[in-house]
$ cat model_18.cif   # mmCIF, C-alpha atoms and all ligand atoms
data_query
loop_
_atom_site.label_atom_id
_atom_site.label_comp_id
_atom_site.auth_asym_id
_atom_site.auth_seq_id
_atom_site.Cartn_x
_atom_site.Cartn_y
_atom_site.Cartn_z
CA MET A 1 -24.57 48.71 -0.87
CA GLU A 2 -22.52 46.90 -3.46
CA ARG A 3 -20.35 45.39 -0.75
CA ALA A 4 -23.45 44.24 1.14
CA ALA A 5 -24.71 42.69 -2.12
CA GLN A 6 -21.42 40.85 -2.63
CA GLU A 7 -21.19 39.65 0.96
CA GLU A 8 -24.79 38.48 1.10
CA SER A 9 -24.52 36.74 -2.29
CA ARG A 10 -21.37 34.88 -1.25
CA ARG A 11 -23.00 33.88 2.04
CA PHE A 12 -25.70 32.19 -0.07
CA GLY A 13 -23.13 30.60 -2.38
CA TYR A 14 -23.59 32.84 -5.45
CA GLN A 15 -20.70 33.67 -7.78
CA GLN A 16 -20.09 37.09 -9.31
CA VAL A 17 -19.99 37.41 -13.10
CA GLU A 18 -19.37 40.35 -15.43
CA LEU A 19 -21.66 40.65 -18.43
CA PRO A 20 -21.45 42.83 -21.54
CA ILE A 21 -23.33 46.12 -21.39
CA ILE A 22 -23.97 46.01 -25.16
CA GLU A 23 -26.18 43.16 -26.35
CA PRO A 24 -27.79 42.10 -29.65
CA VAL A 25 -31.24 43.60 -30.03
CA GLU A 26 -32.75 40.15 -30.74
CA LEU A 27 -31.76 38.87 -27.30
CA ILE A 28 -33.55 41.71 -25.55
CA GLU A 29 -36.60 41.92 -27.82
CA ARG A 30 -37.21 38.20 -27.72
CA GLY A 31 -36.47 37.85 -24.02
CA LEU A 32 -38.32 40.82 -22.58
CA GLY A 33 -40.93 41.15 -25.33
CA ALA A 34 -40.79 43.87 -27.98
CA ASP A 35 -44.14 45.11 -26.61
CA SER A 36 -42.82 45.53 -23.08
CA ASP A 37 -41.56 48.99 -22.09
CA ALA A 38 -37.99 47.95 -21.25
CA GLY A 39 -37.68 45.65 -24.29
CA GLY A 40 -39.41 48.00 -26.72
CA LYS A 41 -39.91 51.74 -26.73
CA GLU A 42 -37.38 52.35 -23.94
CA LEU A 43 -34.51 50.52 -25.65
CA TYR A 44 -31.33 52.47 -26.38
CA ARG A 45 -30.47 51.28 -29.88
CA LEU A 46 -26.96 51.77 -31.21
CA GLU A 47 -26.50 52.85 -34.78
CA PRO A 48 -25.30 49.80 -36.76
CA HIS A 49 -21.66 49.92 -37.81
CA GLY A 50 -20.93 48.63 -41.30
CA ASP A 51 -18.60 45.62 -41.28
CA SER A 52 -15.61 45.60 -43.63
CA ASP A 53 -15.96 41.87 -44.38
CA GLY A 54 -19.38 42.40 -45.91
CA GLU A 55 -21.36 40.73 -43.13
CA ALA A 56 -24.61 42.39 -42.14
CA PRO A 57 -23.87 44.72 -39.21
CA ALA A 58 -25.14 43.53 -35.82
CA ARG A 59 -28.00 45.51 -34.36
CA LEU A 60 -26.97 46.31 -30.82
CA VAL A 61 -28.58 47.91 -27.78
CA LEU A 62 -27.53 49.08 -24.32
CA ARG A 63 -28.88 46.43 -21.97
CA PRO A 64 -32.06 47.46 -20.12
CA GLU A 65 -31.69 44.64 -17.56
CA GLY A 66 -29.46 41.69 -16.75
CA THR A 67 -31.53 38.52 -16.92
CA ALA A 68 -31.54 37.85 -20.67
CA GLY A 69 -27.78 38.46 -20.84
CA MET A 70 -27.23 36.20 -17.84
CA VAL A 71 -29.15 33.34 -19.45
CA ARG A 72 -27.15 33.78 -22.66
CA ALA A 73 -23.90 33.80 -20.69
CA TYR A 74 -24.95 30.65 -18.84
CA PHE A 75 -25.14 28.75 -22.14
CA GLN A 76 -22.35 30.44 -24.07
CA GLY A 77 -19.99 30.19 -21.08
CA GLY A 78 -20.72 26.47 -20.74
CA LEU A 79 -22.20 26.79 -17.26
CA ASN A 80 -25.06 24.54 -18.39
CA GLN A 81 -22.52 21.69 -18.57
CA GLY A 82 -21.56 21.74 -14.89
CA PRO A 83 -23.44 20.97 -11.66
CA GLN A 84 -26.95 22.48 -11.58
CA PRO A 85 -28.40 24.86 -10.63
CA VAL A 86 -25.92 27.68 -11.17
CA ARG A 87 -26.15 30.61 -8.77
CA LEU A 88 -24.85 33.89 -10.19
CA PHE A 89 -24.93 37.60 -9.43
CA THR A 90 -23.77 40.75 -11.13
CA LEU A 91 -23.65 44.48 -10.38
CA GLY A 92 -23.72 47.17 -13.01
CA PRO A 93 -25.44 49.84 -15.07
CA MET A 94 -28.68 49.34 -17.04
CA PHE A 95 -30.26 51.74 -19.54
CA ARG A 96 -33.91 52.57 -20.23
CA HIS A 97 -35.05 55.53 -22.29
CA ASP A 98 -38.03 56.58 -20.22
CA ARG A 99 -39.01 60.11 -19.26
CA PRO A 100 -36.39 60.91 -16.60
CA GLN A 101 -37.89 61.68 -13.21
CA HIS A 102 -37.18 61.22 -9.54
CA LEU A 103 -35.92 57.62 -9.05
CA ARG A 104 -36.44 56.75 -12.70
CA TYR A 105 -33.18 57.29 -14.49
CA ARG A 106 -31.96 56.52 -17.98
CA GLN A 107 -28.78 55.01 -16.58
CA PHE A 108 -29.32 53.24 -13.29
CA TYR A 109 -27.62 50.45 -11.38
CA GLN A 110 -28.83 47.00 -10.49
CA PHE A 111 -27.79 44.19 -8.19
CA ASP A 112 -28.97 41.15 -10.15
CA VAL A 113 -29.08 37.54 -8.89
CA GLU A 114 -30.14 34.49 -10.86
CA VAL A 115 -30.47 30.76 -10.17
CA ILE A 116 -30.50 28.88 -13.47
CA GLY A 117 -31.16 25.17 -13.98
CA ASP A 118 -33.75 23.99 -11.47
CA HIS A 119 -37.54 24.12 -11.16
CA SER A 120 -37.84 23.89 -7.39
CA PRO A 121 -39.91 26.66 -5.76
CA ALA A 122 -37.35 26.47 -2.93
CA TYR A 123 -35.04 28.52 -5.17
CA ASP A 124 -37.74 31.17 -5.58
CA VAL A 125 -37.73 31.55 -1.82
CA GLU A 126 -33.94 31.45 -1.59
CA VAL A 127 -33.73 34.36 -4.04
CA ILE A 128 -36.39 36.27 -2.10
CA GLU A 129 -34.55 35.64 1.16
CA LEU A 130 -31.23 36.78 -0.31
CA SER A 131 -32.79 39.99 -1.63
CA TRP A 132 -34.50 40.59 1.70
CA ARG A 133 -31.26 40.08 3.67
CA TRP A 134 -29.48 42.47 1.32
CA LEU A 135 -31.91 45.26 2.14
CA GLU A 136 -31.72 44.33 5.81
CA THR A 137 -27.92 44.59 5.94
CA THR A 138 -27.94 47.93 4.14
CA GLY A 139 -30.17 49.15 6.97
CA ILE A 140 -33.50 49.57 5.21
CA ASP A 141 -36.63 48.42 7.00
CA GLN A 142 -40.38 48.65 6.54
CA VAL A 143 -40.09 46.88 3.25
CA SER A 144 -43.17 45.11 1.98
CA LEU A 145 -42.78 41.86 0.08
CA GLU A 146 -45.51 41.67 -2.56
CA LEU A 147 -46.15 38.22 -3.96
CA ASN A 148 -48.17 36.74 -6.80
CA SER A 149 -48.16 33.86 -9.28
CA ILE A 150 -48.92 34.55 -12.92
CA GLY A 151 -49.17 30.91 -14.00
CA ASP A 152 -47.53 29.39 -17.05
CA ALA A 153 -48.25 28.44 -20.67
CA ASN A 154 -50.66 25.81 -19.38
CA CYS A 155 -53.05 28.02 -17.47
CA ARG A 156 -52.32 31.65 -18.38
CA PRO A 157 -53.91 31.68 -21.87
CA GLN A 158 -57.31 30.62 -20.48
CA TYR A 159 -57.01 33.21 -17.73
CA LEU A 160 -56.12 35.95 -20.23
CA ARG A 161 -59.28 35.13 -22.19
CA LEU A 162 -61.33 35.56 -19.02
CA LEU A 163 -59.60 38.86 -18.34
CA GLN A 164 -60.34 40.07 -21.88
CA GLU A 165 -63.98 39.03 -21.58
CA TYR A 166 -64.22 41.02 -18.37
CA TYR A 167 -62.53 44.15 -19.76
CA ARG A 168 -63.95 44.30 -23.30
CA PRO A 169 -67.32 45.80 -22.30
CA LEU A 170 -65.46 48.37 -20.18
CA LYS A 171 -63.06 49.39 -22.92
CA ASP A 172 -64.48 52.87 -23.55
CA ARG A 173 -64.06 53.79 -19.91
CA LEU A 174 -60.38 52.83 -19.78
CA HIS A 175 -57.27 54.98 -20.25
CA SER A 176 -56.05 54.91 -23.90
CA ASP A 177 -53.01 52.70 -23.04
CA CYS A 178 -55.34 50.22 -21.37
CA GLN A 179 -57.76 50.22 -24.30
CA ARG A 180 -54.86 48.90 -26.36
CA ARG A 181 -53.82 46.44 -23.65
CA VAL A 182 -57.21 44.70 -23.66
CA GLU A 183 -56.29 43.02 -26.96
CA GLN A 184 -52.49 43.21 -26.95
CA ASN A 185 -51.28 42.66 -23.40
CA PRO A 186 -54.23 42.10 -21.04
CA LEU A 187 -52.09 41.10 -18.06
CA ARG A 188 -50.70 44.64 -17.85
CA LEU A 189 -54.26 45.94 -17.25
CA LEU A 190 -53.80 44.73 -13.70
CA ASP A 191 -50.88 46.97 -12.79
CA CYS A 192 -52.16 50.10 -14.53
CA LYS A 193 -51.72 53.09 -12.22
CA GLU A 194 -54.16 55.44 -14.01
CA GLU A 195 -56.93 56.77 -11.77
CA GLN A 196 -59.75 56.09 -14.24
CA CYS A 197 -58.90 52.36 -14.51
CA GLN A 198 -58.74 51.65 -10.78
CA PRO A 199 -62.47 51.04 -10.10
CA PHE A 200 -62.56 48.06 -12.48
CA LYS A 201 -59.74 46.08 -10.97
CA ALA A 202 -61.57 44.77 -7.93
CA GLY A 203 -64.09 42.89 -10.08
CA ALA A 204 -61.49 41.43 -12.46
CA PRO A 205 -60.86 37.69 -12.33
CA ARG A 206 -57.76 36.79 -10.32
CA ILE A 207 -55.11 34.59 -11.83
CA THR A 208 -54.48 32.82 -8.54
CA ASP A 209 -58.05 31.45 -8.80
CA HIS A 210 -57.25 30.01 -12.24
CA LEU A 211 -53.84 28.37 -11.84
CA CYS A 212 -53.32 24.84 -13.16
CA ALA A 213 -52.55 22.14 -10.58
CA ALA A 214 -48.77 22.31 -11.05
CA CYS A 215 -48.66 26.13 -10.74
CA ALA A 216 -50.98 26.07 -7.74
CA ALA A 217 -48.79 23.48 -5.99
CA ALA A 218 -45.64 25.52 -6.70
CA PHE A 219 -47.30 28.66 -5.34
CA ALA A 220 -48.41 26.85 -2.19
CA GLU A 221 -44.86 25.62 -1.68
CA VAL A 222 -43.44 29.13 -2.10
CA LYS A 223 -45.84 30.47 0.53
CA SER A 224 -45.12 27.66 2.94
CA LEU A 225 -41.34 28.10 2.60
CA LEU A 226 -41.67 31.86 3.10
CA ASP A 227 -43.62 31.16 6.29
CA ALA A 228 -40.87 28.80 7.46
CA ALA A 229 -38.26 31.49 6.74
CA GLU A 230 -40.43 33.95 8.72
CA LEU A 231 -40.55 36.31 5.76
CA GLU A 232 -43.82 38.18 5.79
CA TYR A 233 -45.48 38.74 2.44
CA ARG A 234 -48.59 40.37 1.06
CA LEU A 235 -50.51 38.50 -1.61
CA ASN A 236 -51.00 41.00 -4.40
CA PRO A 237 -53.17 39.69 -7.27
CA TYR A 238 -52.39 42.83 -9.31
CA LEU A 239 -48.62 42.30 -9.31
CA VAL A 240 -47.73 41.18 -12.86
CA ARG A 241 -44.36 42.92 -13.58
CA GLY A 242 -43.41 44.66 -16.80
CA LEU A 243 -41.29 42.04 -18.56
CA ASP A 244 -42.79 39.24 -20.65
CA TYR A 245 -40.57 36.37 -19.51
CA TYR A 246 -42.12 35.58 -16.14
CA THR A 247 -43.89 32.36 -15.25
CA ARG A 248 -45.35 31.40 -11.86
CA THR A 249 -43.79 33.33 -8.96
CA VAL A 250 -43.42 37.09 -9.26
CA PHE A 251 -42.48 39.39 -6.38
CA GLU A 252 -41.44 42.92 -5.53
CA LEU A 253 -39.85 44.58 -2.53
CA GLN A 254 -41.68 47.85 -2.13
CA HIS A 255 -41.24 50.75 0.20
CA GLN A 256 -44.39 52.78 0.71
CA SER A 257 -42.52 55.97 1.56
CA LEU A 258 -41.22 56.07 -2.01
CA GLY A 259 -44.80 56.26 -3.23
CA GLY A 260 -46.16 56.23 -6.73
CA ALA A 261 -44.91 54.16 -9.59
CA GLN A 262 -41.32 54.26 -8.30
CA ASN A 263 -41.96 52.47 -5.00
CA SER A 264 -40.22 49.27 -6.00
CA LEU A 265 -36.74 48.77 -4.56
CA GLY A 266 -36.41 45.52 -6.43
CA GLY A 267 -38.32 42.73 -8.04
CA GLY A 268 -38.06 39.44 -9.79
CA GLY A 269 -39.57 36.06 -10.34
CA ARG A 270 -39.37 32.77 -12.17
CA TYR A 271 -38.73 32.61 -15.92
CA ASP A 272 -38.94 28.94 -16.89
CA ALA A 273 -39.69 29.65 -20.56
CA LEU A 274 -37.02 32.31 -21.20
CA ALA A 275 -34.12 30.07 -22.24
CA ALA A 276 -36.23 28.33 -24.90
CA VAL A 277 -37.57 31.67 -26.18
CA LEU A 278 -33.96 32.78 -26.64
CA GLY A 279 -33.26 29.66 -28.69
CA PHE A 280 -31.41 27.66 -26.02
CA ALA A 281 -32.33 24.33 -24.42
CA ASP A 282 -35.45 24.55 -22.26
CA THR A 283 -34.04 25.50 -18.83
CA PRO A 284 -35.80 26.96 -15.80
CA GLY A 285 -34.59 29.94 -13.81
CA VAL A 286 -35.52 32.42 -11.11
CA GLY A 287 -33.98 35.74 -10.11
CA PHE A 288 -34.18 39.20 -8.69
CA ALA A 289 -32.83 42.67 -9.42
CA GLY A 290 -32.52 45.44 -6.86
CA GLY A 291 -32.39 49.09 -7.88
CA ILE A 292 -29.25 50.47 -6.28
CA ASP A 293 -30.15 54.11 -6.97
CA ARG A 294 -33.46 53.70 -5.18
CA VAL A 295 -31.91 51.89 -2.23
CA ALA A 296 -29.30 54.67 -1.99
CA PHE A 297 -32.06 57.26 -1.97
CA MET A 298 -33.90 55.37 0.78
CA LEU A 299 -30.80 55.23 2.94
CA GLN A 300 -30.27 58.96 2.63
CA HIS A 301 -33.94 59.63 3.15
CA GLU A 302 -34.20 57.45 6.28
CA GLN A 303 -30.87 58.05 7.91
CA ARG A 304 -29.88 61.40 6.42
CA SER A 305 -26.43 60.00 5.63
CA VAL A 306 -25.04 56.87 4.09
CA ARG A 307 -22.53 55.13 6.31
CA THR A 308 -19.31 55.03 4.35
CA ALA A 309 -16.83 52.37 5.31
CA PRO A 310 -13.21 53.54 5.75
CA ALA A 311 -10.96 52.92 2.77
CA ALA A 312 -8.36 51.37 5.10
CA ASP A 313 -8.52 50.05 8.65
CA VAL A 314 -4.86 50.79 9.26
CA LEU A 315 -2.91 53.91 8.33
CA VAL A 316 0.87 53.84 8.44
CA MET A 317 2.37 57.29 9.03
CA PRO A 318 6.07 58.02 9.04
CA GLU A 319 6.76 61.06 11.27
CA THR A 320 9.49 62.53 9.13
CA GLU A 321 10.55 62.43 5.51
CA GLY A 322 13.01 59.80 4.31
CA LEU A 323 11.09 56.87 5.81
CA ALA A 324 9.18 55.84 2.70
CA ARG A 325 11.01 52.54 2.40
CA ALA A 326 10.36 51.57 6.03
CA ALA A 327 6.72 52.75 5.84
CA ALA A 328 6.15 50.74 2.65
CA GLN A 329 7.57 47.64 4.36
CA VAL A 330 5.29 48.13 7.40
CA GLY A 331 2.37 48.60 5.00
CA ARG A 332 3.16 45.23 3.40
CA VAL A 333 3.32 43.55 6.80
CA CYS A 334 0.01 45.03 8.00
CA ARG A 335 -1.84 44.18 4.76
CA GLY A 336 -1.56 40.55 5.77
CA ALA A 337 -4.07 41.27 8.54
CA ALA A 338 -6.20 44.25 7.46
CA PRO A 339 -6.69 46.78 4.63
CA THR A 340 -3.80 49.22 5.08
CA GLY A 341 -2.92 52.58 3.58
CA VAL A 342 0.39 54.42 3.87
CA ASP A 343 0.54 58.22 4.20
CA TYR A 344 3.66 59.20 2.25
CA SER A 345 2.82 62.92 2.24
CA ALA A 346 5.14 65.58 3.65
CA ARG A 347 2.39 66.83 6.00
CA SER A 348 3.03 67.16 9.73
CA LEU A 349 2.15 64.22 11.94
CA ARG A 350 -0.71 66.28 13.39
CA ALA A 351 -2.19 66.79 9.94
CA LYS A 352 -1.80 63.09 9.17
CA MET A 353 -3.54 62.18 12.42
CA ARG A 354 -6.42 64.55 11.68
CA ALA A 355 -6.88 62.94 8.28
CA ALA A 356 -6.72 59.47 9.85
CA ASP A 357 -9.43 60.38 12.38
CA ARG A 358 -11.67 61.71 9.65
CA SER A 359 -11.15 58.63 7.49
CA GLY A 360 -12.70 56.33 10.09
CA ALA A 361 -9.64 54.04 10.20
CA ARG A 362 -9.22 52.01 13.39
CA TRP A 363 -5.44 52.00 13.77
CA ALA A 364 -2.54 54.39 13.17
CA VAL A 365 0.95 52.96 12.92
CA ILE A 366 3.39 55.81 13.64
CA MET A 367 7.12 55.66 13.20
CA ASN A 368 10.17 57.95 13.51
CA ALA A 369 13.68 57.29 12.20
CA ASP A 370 14.88 55.68 15.43
CA GLU A 371 11.87 53.34 15.60
CA ALA A 372 12.30 52.45 11.95
CA ARG A 373 15.92 51.46 12.66
CA ARG A 374 14.77 49.24 15.53
CA GLN A 375 11.93 47.82 13.35
CA VAL A 376 9.23 48.86 15.81
CA ALA A 377 6.33 51.33 15.55
CA ARG A 378 3.77 53.05 17.79
CA LEU A 379 0.41 51.40 17.32
CA ARG A 380 -2.37 53.81 18.19
CA ASP A 381 -5.99 52.76 18.65
CA LEU A 382 -7.86 55.66 17.04
CA VAL A 383 -11.04 54.80 18.91
CA SER A 384 -9.70 54.59 22.50
CA GLY A 385 -6.56 56.69 22.01
CA ASP A 386 -4.37 53.96 23.59
CA GLN A 387 -0.88 53.72 22.18
CA ARG A 388 1.95 51.21 22.61
CA GLU A 389 5.17 50.13 20.96
CA VAL A 390 4.89 47.02 18.78
CA ALA A 391 7.57 45.22 16.76
CA TRP A 392 6.83 45.25 13.00
CA ASP A 393 6.42 41.51 12.81
CA ALA A 394 3.95 41.53 15.72
CA LEU A 395 1.71 44.15 14.01
CA PRO A 396 -0.51 41.70 12.08
CA GLU A 397 -1.53 39.94 15.26
CA ALA A 398 -2.09 43.23 17.10
CA ILE A 399 -4.40 44.65 14.41
CA ALA A 400 -6.19 41.46 13.40
CA PRO A 401 -9.91 41.88 14.14
CA GLU A 402 -9.98 39.06 16.70
CA GLY A 403 -6.53 39.80 18.16
CA GLY A 404 -6.98 43.51 19.02
CA THR A 405 -5.03 45.15 21.83
CA ASP A 406 -7.98 45.89 24.08
P1 LIG A 501 -37.29 45.41 -13.01
O1 LIG A 501 -38.47 45.37 -12.08
O2 LIG A 501 -37.49 45.95 -14.34
O3 LIG A 501 -36.75 43.91 -13.07
O4 LIG A 501 -36.11 46.20 -12.31
C1 LIG A 501 -35.67 45.87 -11.01
C2 LIG A 501 -35.44 47.12 -10.18
O5 LIG A 501 -34.55 48.00 -10.86
C3 LIG A 501 -36.68 47.95 -9.93
O6 LIG A 501 -37.43 47.44 -8.86
C4 LIG A 501 -36.09 49.30 -9.60
O7 LIG A 501 -35.67 49.35 -8.25
C5 LIG A 501 -34.86 49.34 -10.48
N1 LIG A 501 -35.14 50.15 -11.70
C6 LIG A 501 -35.76 49.75 -12.82
N2 LIG A 501 -35.83 50.77 -13.72
C7 LIG A 501 -35.22 51.83 -13.13
C8 LIG A 501 -34.95 53.18 -13.54
N3 LIG A 501 -35.30 53.64 -14.75
N4 LIG A 501 -34.31 54.01 -12.65
C9 LIG A 501 -33.94 53.56 -11.43
N5 LIG A 501 -34.16 52.30 -11.00
C10 LIG A 501 -34.79 51.45 -11.83
C11 LIG A 501 -35.68 43.51 -13.84
O8 LIG A 501 -34.90 44.25 -14.34
C12 LIG A 501 -35.54 42.00 -13.90
N6 LIG A 501 -34.38 41.70 -14.75
C13 LIG A 501 -35.41 41.40 -12.52
C14 LIG A 501 -35.21 39.92 -12.56
C15 LIG A 501 -34.04 39.23 -12.39
N7 LIG A 501 -36.16 39.02 -12.79
C16 LIG A 501 -35.62 37.79 -12.78
N8 LIG A 501 -34.35 37.93 -12.55
#
$ encode --input "model_18.cif" --output "structure tokens"
Amino acid sequence: MERAAQEESRRFGYQQVELPIIEPVELIERGLGADSDAGGKELYRLEPHGDSDGEAPARLVLRPEGTAGMVRAYFQGGLNQGPQPVRLFTLGPMFRHDRPQHLRYRQFYQFDVEVIGDHSPAYDVEVIELSWRWLETTGIDQVSLELNSIGDANCRPQYLRLLQEYYRPLKDRLHSDCQRRVEQNPLRLLDCKEEQCQPFKAGAPRITDHLCAACAAAFAEVKSLLDAAELEYRLNPYLVRGLDYYTRTVFELQHQSLGGAQNSLGGGGRYDALAAVLGFADTPGVGFAGGIDRVAFMLQHEQRSVRTAPAADVLVMPETEGLARAAAQVGRVCRGAAPTGVDYSARSLRAKMRAADRSGARWAVIMNADEARRQVARLRDLVSGDQREVAWDALPEAIAPEGGTD
């Protein structure tokens, strides 16, 4: 899955970055919202360490997600100075202190992609397409793309007032969390999963009916570009996402067979106000994060096994002991054309061949002392069983993917 993420990201022109796992609490609280789950009650806070030089100790947390750290890195690494936008991705662990349950872990792994530095809705669609292709190449289908726009600072405040006006008279009939949300975070009323709150949603005002002209135009452009990319989507007026930094486009890739609150394989959206909230120059961005643990579960669930790629395509196996030097040299030669491992063990050739078959490698390069002296080897196709003698220096061409022997 990680390799598919890397390949797909590079195909779209995204560069991989490594970010710190420990971040200052201010970055996360400001970015995600101290009232949000991931930026608030679920934060893993580290005990402050006293500094010897008398400076106040930094308050640090384990990162719950990658976007805030990515935006910080974009500025602190000087990426804002180069050509815009900047397309980045990262892979790694995230931490949220929720009640652990199936597909909701306290340490989980994300594939995170971000495009920072341009407003165009075309980037929203590019990010969606990249995330979609990632799931496609890992072999997952029947994914539903849920789409919504949650407006911006221009139009959302008026909409939130309408939402509050609608919900206030219903307050007593809502779940206790939602009673609080009416005043504190009304947008989250829309994605409440509690049974008792469901009947009221249908009558609630929809944000997409209250977008300002600029947000409405951006949303129309996103939909039209998704149509052109032949990516099917479902307009979901209740999709609001759990982090505070979103503006305009929000989306999720859901798989119904996962069910319940954990049905989201990934999600993301635009965050044009985040950089300014973090104290940097006002800079737009859009991104996505996929949950690798959930995708892994889906693959096992759908296919019963995860296809593991062989560690090496070529295995060099000296037939007798004392050929380590020759085998190492052949390994070096073959590595020019394909990932190559050398079996230096004292096992019998039969045992080495059995291991090679199990490993899924394509080629075995077998050699005895006489062949080593002549600088040739037996190249065996582990799929067809064909075998022929090949000079060492001709091996790269023989095993190169396009120059195979068959
Ligand atoms: P998120 O929706 O919080 O978004 O997380 C993205 C994905 O991470 C989820 O759809 C889910 O698959 C996975 N995930 C989240 N929490 C857990 C957990 N406790 N256990 C297992 N998997 C989990 C973000 O994190 C945003 N930073 C996405 C983004 C990037 N928005 C813009 N750019």
$ closest_atom_pairs --input "model_18.cif" --of "chain A" --to "ligand LIG 501 (chain A)" --cutoff "6 Å" --atoms "all atoms listed in the file" --output "tab-separated table"
residue	atom	partner	partner_atom	distance
A:Glu65	CA	A:LIG501	O8	4.6
A:Gly66	CA	A:LIG501	N6	5.3
A:Thr67	CA	A:LIG501	N6	4.8
A:Arg96	CA	A:LIG501	N3	5.8
A:Leu103	CA	A:LIG501	C9	5.1
A:Arg104	CA	A:LIG501	N4	3.5
A:Tyr105	CA	A:LIG501	N4	3.9
A:Arg106	CA	A:LIG501	N3	5.5
A:Phe108	CA	A:LIG501	C9	5.0
A:Gln110	CA	A:LIG501	O5	5.8
A:Asp112	CA	A:LIG501	C15	5.9
A:Glu114	CA	A:LIG501	N8	5.7
A:Ser264	CA	A:LIG501	O6	4.4
A:Leu265	CA	A:LIG501	O7	3.9
A:Gly266	CA	A:LIG501	O6	3.3
A:Gly267	CA	A:LIG501	O1	4.8
A:Gly268	CA	A:LIG501	N7	3.6
A:Gly269	CA	A:LIG501	C16	5.0
A:Val286	CA	A:LIG501	C16	5.6
A:Gly287	CA	A:LIG501	N8	3.3
A:Phe288	CA	A:LIG501	C15	3.7
A:Ala289	CA	A:LIG501	C13	4.2
A:Gly290	CA	A:LIG501	C2	4.7
A:Gly291	CA	A:LIG501	O7	3.3
A:Asp293	CA	A:LIG501	C9	5.9
A:Arg294	CA	A:LIG501	O7	5.8
$ closest_residue --input "model_18.cif" --among "A:Ala275, A:Ala351, A:Leu382, A:Val333" --to "Asp313 in chain A" --atoms "all atoms listed in the file"
A:Leu382
$ residues_around --input "model_18.cif" --residues "Tyr233 in chain A" --least-positions-apart "3" --cutoff "8 Å" --atoms "only C-alpha atoms" --output "PDB file with C-alpha atoms, in the frame of the given file"
ATOM      1  CA  SER A 144     -43.170  45.110   1.980  1.00  0.00           C
ATOM      2  CA  LEU A 145     -42.780  41.860   0.080  1.00  0.00           C
ATOM      3  CA  GLU A 146     -45.510  41.670  -2.560  1.00  0.00           C
ATOM      4  CA  LEU A 147     -46.150  38.220  -3.960  1.00  0.00           C
ATOM      5  CA  LEU A 226     -41.670  31.860   3.100  1.00  0.00           C
TER       6      LEU A 226
END
$ atom_distance --input "model_18.cif" --atom1 "CA of Leu187 in chain A" --atom2 "CA of Leu211 in chain A"
14.3 Å
$ closest_residue --input "model_18.cif" --among "A:Cys178, A:Met94, A:Leu190, A:Leu130" --to "Arg11 in chain A" --atoms "only C-alpha atoms"
A:Leu130
$ closest_residue --input "model_18.cif" --among "A:Asp177, A:Glu2, A:Glu232, A:Asp209" --to "Tyr109 in chain A" --atoms "all atoms listed in the file"
A:Glu2
$ residues_around --input "model_18.cif" --residues "Arg72 in chain A" --least-positions-apart "4" --cutoff "9 Å" --atoms "all atoms listed in the file" --output "list in words"
Leu27, Thr67, Ala68, Gln76, Gly77, Ala275, Leu278 and Phe280 of chain A
$ residues_around --input "model_18.cif" --residues "Arg156 in chain A" --least-positions-apart "2" --cutoff "12 Å" --atoms "only C-alpha atoms" --output "list in words"
Ser149, Ile150, Gly151, Asp152, Ala153, Asn154, Gln158, Tyr159, Leu160, Arg161, Leu162, Leu163, Pro186, Leu187, Arg206, Ile207, Thr208, Asp209, His210, Leu211, Cys212, Cys215, Val240, Tyr246, Thr247 and Arg248 of chain A
$ closest_residue --input "model_18.cif" --among "A:Met1, A:Leu60, A:Leu46, A:Val115" --to "Asp272 in chain A" --atoms "only C-alpha atoms"
A:Val115
$ atom_distance --input "model_18.cif" --atom1 "CA of Glu302 in chain A" --atom2 "CA of Gly360 in chain A"
21.9 Å
$ atom_distance --input "model_18.cif" --atom1 "CA of Tyr245 in chain A" --atom2 "CA of Gln16 in chain A"
22.9 Å
$ residues_around --input "model_18.cif" --residues "Asp343 in chain A" --least-positions-apart "4" --cutoff "7 Å" --atoms "only C-alpha atoms" --output "mmCIF file with C-alpha atoms, keeping the file's coordinate frame"
data_model
loop_
_atom_site.group_PDB
_atom_site.id
_atom_site.type_symbol
_atom_site.label_atom_id
_atom_site.label_comp_id
_atom_site.auth_asym_id
_atom_site.auth_seq_id
_atom_site.Cartn_x
_atom_site.Cartn_y
_atom_site.Cartn_z
ATOM 1 C CA LEU A 315 -2.910 53.910 8.330
ATOM 2 C CA VAL A 316 0.870 53.840 8.440
ATOM 3 C CA MET A 317 2.370 57.290 9.030
#
$ closest_residue --input "model_18.cif" --among "A:Leu19, A:Val143, A:Ala309, A:Leu235" --to "Val222 in chain A" --atoms "all atoms listed in the file"
A:Leu235
$ residues_around --input "model_18.cif" --residues "Ser9 in chain A" --least-positions-apart "2" --cutoff "9 Å" --atoms "only C-alpha atoms" --output "VMD selection string"
chain A and resid 4 to 7 11 to 16 88 to 89 113 130 to 131 134
$ closest_residue --input "model_18.cif" --among "A:Ala369, A:Ala58, A:Cys334, A:Leu32" --to "Glu319 in chain A" --atoms "only C-alpha atoms"
A:Ala369
$ residues_near_point --input "model_18.cif" --point "(-5.9, 49.2, 4.7)" --cutoff "10 Å" --atoms "all atoms listed in the file" --output "count of residues only"
21
$ axis_aligned_box --input "model_18.cif" --around "range 238-252 of chain A" --padding-each-side "3 Å" --output "lines of an AutoDock Vina configuration file"
center_x = -46.5
center_y = 38.0
center_z = -13.1
size_x = 17.8
size_y = 19.3
size_z = 21.1
